[in-house]
Amino acid sequence: MPKAQYHQALLFNYLASHYRNHLLAESSCENLDPEAAFKRAKLAAVLLVTAVGIPMLWMGEEFGQSTRQTPNQPNPLQWSLLNNQQNRDLLEYYKHLIRLQTNFPALLTENIEFIHENIEAKVLAYYRWSDEGSRAVVVANFSDTYLSGYGIPNFPDTGTMYNKIVEVGEEGFKFDWPEGSAQIFV
């Protein structure tokens with residue numbers, strides 16, 4: 001495994017801190033059923049780990065702790081959450097993303113190009129690369145709609161990325177995209 005060489009800018013990214021509630025405690029997730037809330041947490045995890053900068057995880061975010069901030073009061077980790085399958089799945093998802101980031105130099109550089117933004121469809125795609133040739137494309141569907149045959153016109157070259165054959169035609173790369181999800185092509 002290559003030694004992680006973090007970004008020169010030392011930009012830290014986080015979803016929660018002692019000044020902010022955990023993601024699952026935010027009102028945008030509070031009123032969702034647990035499956036939808038954890039799906040949203042996984043989408044946020046992809047963005048956190050693949051963004052330029054160093055991802056910072058705070059006190060159980062990686063396994064779905066959903067406590068609110070409590071200034072000047074103890075807020076212990078809720079290890080018992082790991083008895084729940086959804087919480088264990090989220091932890092494994094984070095572990096996978098962290099391994100991916102560590103093993104792909106493109107995700108450790110400051111190089112980023114936003115290649116697609118569709119405000120109506122709520123889709124964002126960005127391209128990360130390293131000078132050594134490592135590359136990654138992240139596509140996120142923020143909508144509550146399953147997008148069938150959705151196209152990204154500026155998707156990078158045809159090739160094999162993340163064990164998937166990516167064929168980019170004149171209209172770009174087309175695929176079916178589940179609601180509230182993200183895909184990383186490396």
# chains A, B, ... in the order shown; residues from 1 in each chain; ligands from 1
$ residues_around --residues "segment 173-185 of chain A" --least-positions-apart "5" --cutoff "8 Å" --atoms "only C-alpha atoms" --output "PyMOL selection string"
chain A and resi 39-40+42-43+46+136-155+161-162+166-168
$ select_by_dssp --residues "chain A" --states "strand (DSSP E or B)" --output "MDAnalysis selection string"
chainID A and resid 12:14 17 20 54:56 112:118 123:129 135:141 147:152 159:161 164:166 169 172:177 181:185
$ residues_around --residues "Pro76 of chain A" --least-positions-apart "3" --cutoff "10 Å" --atoms "only C-alpha atoms" --output "list in words"
Met59, Gly60, Gln65, Thr67, Gln73 and Trp79 of chain A
$ select_by_dssp --residues "segment 45-84 of chain A" --states "helix (DSSP H, G or I)" --output "mmCIF file with C-alpha atoms, in the first residue's frame"
data_model
loop_
_atom_site.group_PDB
_atom_site.id
_atom_site.type_symbol
_atom_site.label_atom_id
_atom_site.label_comp_id
_atom_site.auth_asym_id
_atom_site.auth_seq_id
_atom_site.Cartn_x
_atom_site.Cartn_y
_atom_site.Cartn_z
ATOM 1 C CA ALA A 45 -19.225 9.877 2.877
ATOM 2 C CA VAL A 46 -18.293 9.555 -0.804
ATOM 3 C CA LEU A 47 -18.143 13.327 -1.175
ATOM 4 C CA LEU A 48 -16.168 13.737 2.053
ATOM 5 C CA VAL A 49 -13.510 11.174 1.147
ATOM 6 C CA THR A 50 -13.155 12.108 -2.547
ATOM 7 C CA GLU A 61 -19.819 9.694 12.200
ATOM 8 C CA GLU A 62 -18.334 6.644 10.484
ATOM 9 C CA PHE A 63 -20.866 4.321 12.099
ATOM 10 C CA TRP A 79 -20.630 1.880 20.620
ATOM 11 C CA SER A 80 -23.862 -0.088 21.003
ATOM 12 C CA LEU A 81 -24.933 1.283 17.597
ATOM 13 C CA LEU A 82 -22.547 -1.261 16.084
ATOM 14 C CA ASN A 83 -25.040 -3.941 17.144
#
$ atom_distance --atom1 "atom CA of Asp131 of chain A" --atom2 "atom CA of Glu110 of chain A"
10.7 Å
$ atom_distance --atom1 "atom CA of Ala25 of chain A" --atom2 "atom CA of Ala125 of chain A"
26.8 Å
$ closest_residue --among "A:Pro105, A:Val186, A:Ile115, A:Gly133" --to "Val52 of chain A" --atoms "only C-alpha atoms"
A:Pro105
$ atom_distance --atom1 "atom CA of Gly53 of chain A" --atom2 "atom CA of Leu107 of chain A"
8.9 Å
$ closest_residue --among "A:Gln69, A:Tyr93, A:Pro74, A:Leu11" --to "Ala44 of chain A" --atoms "only C-alpha atoms"
A:Tyr93
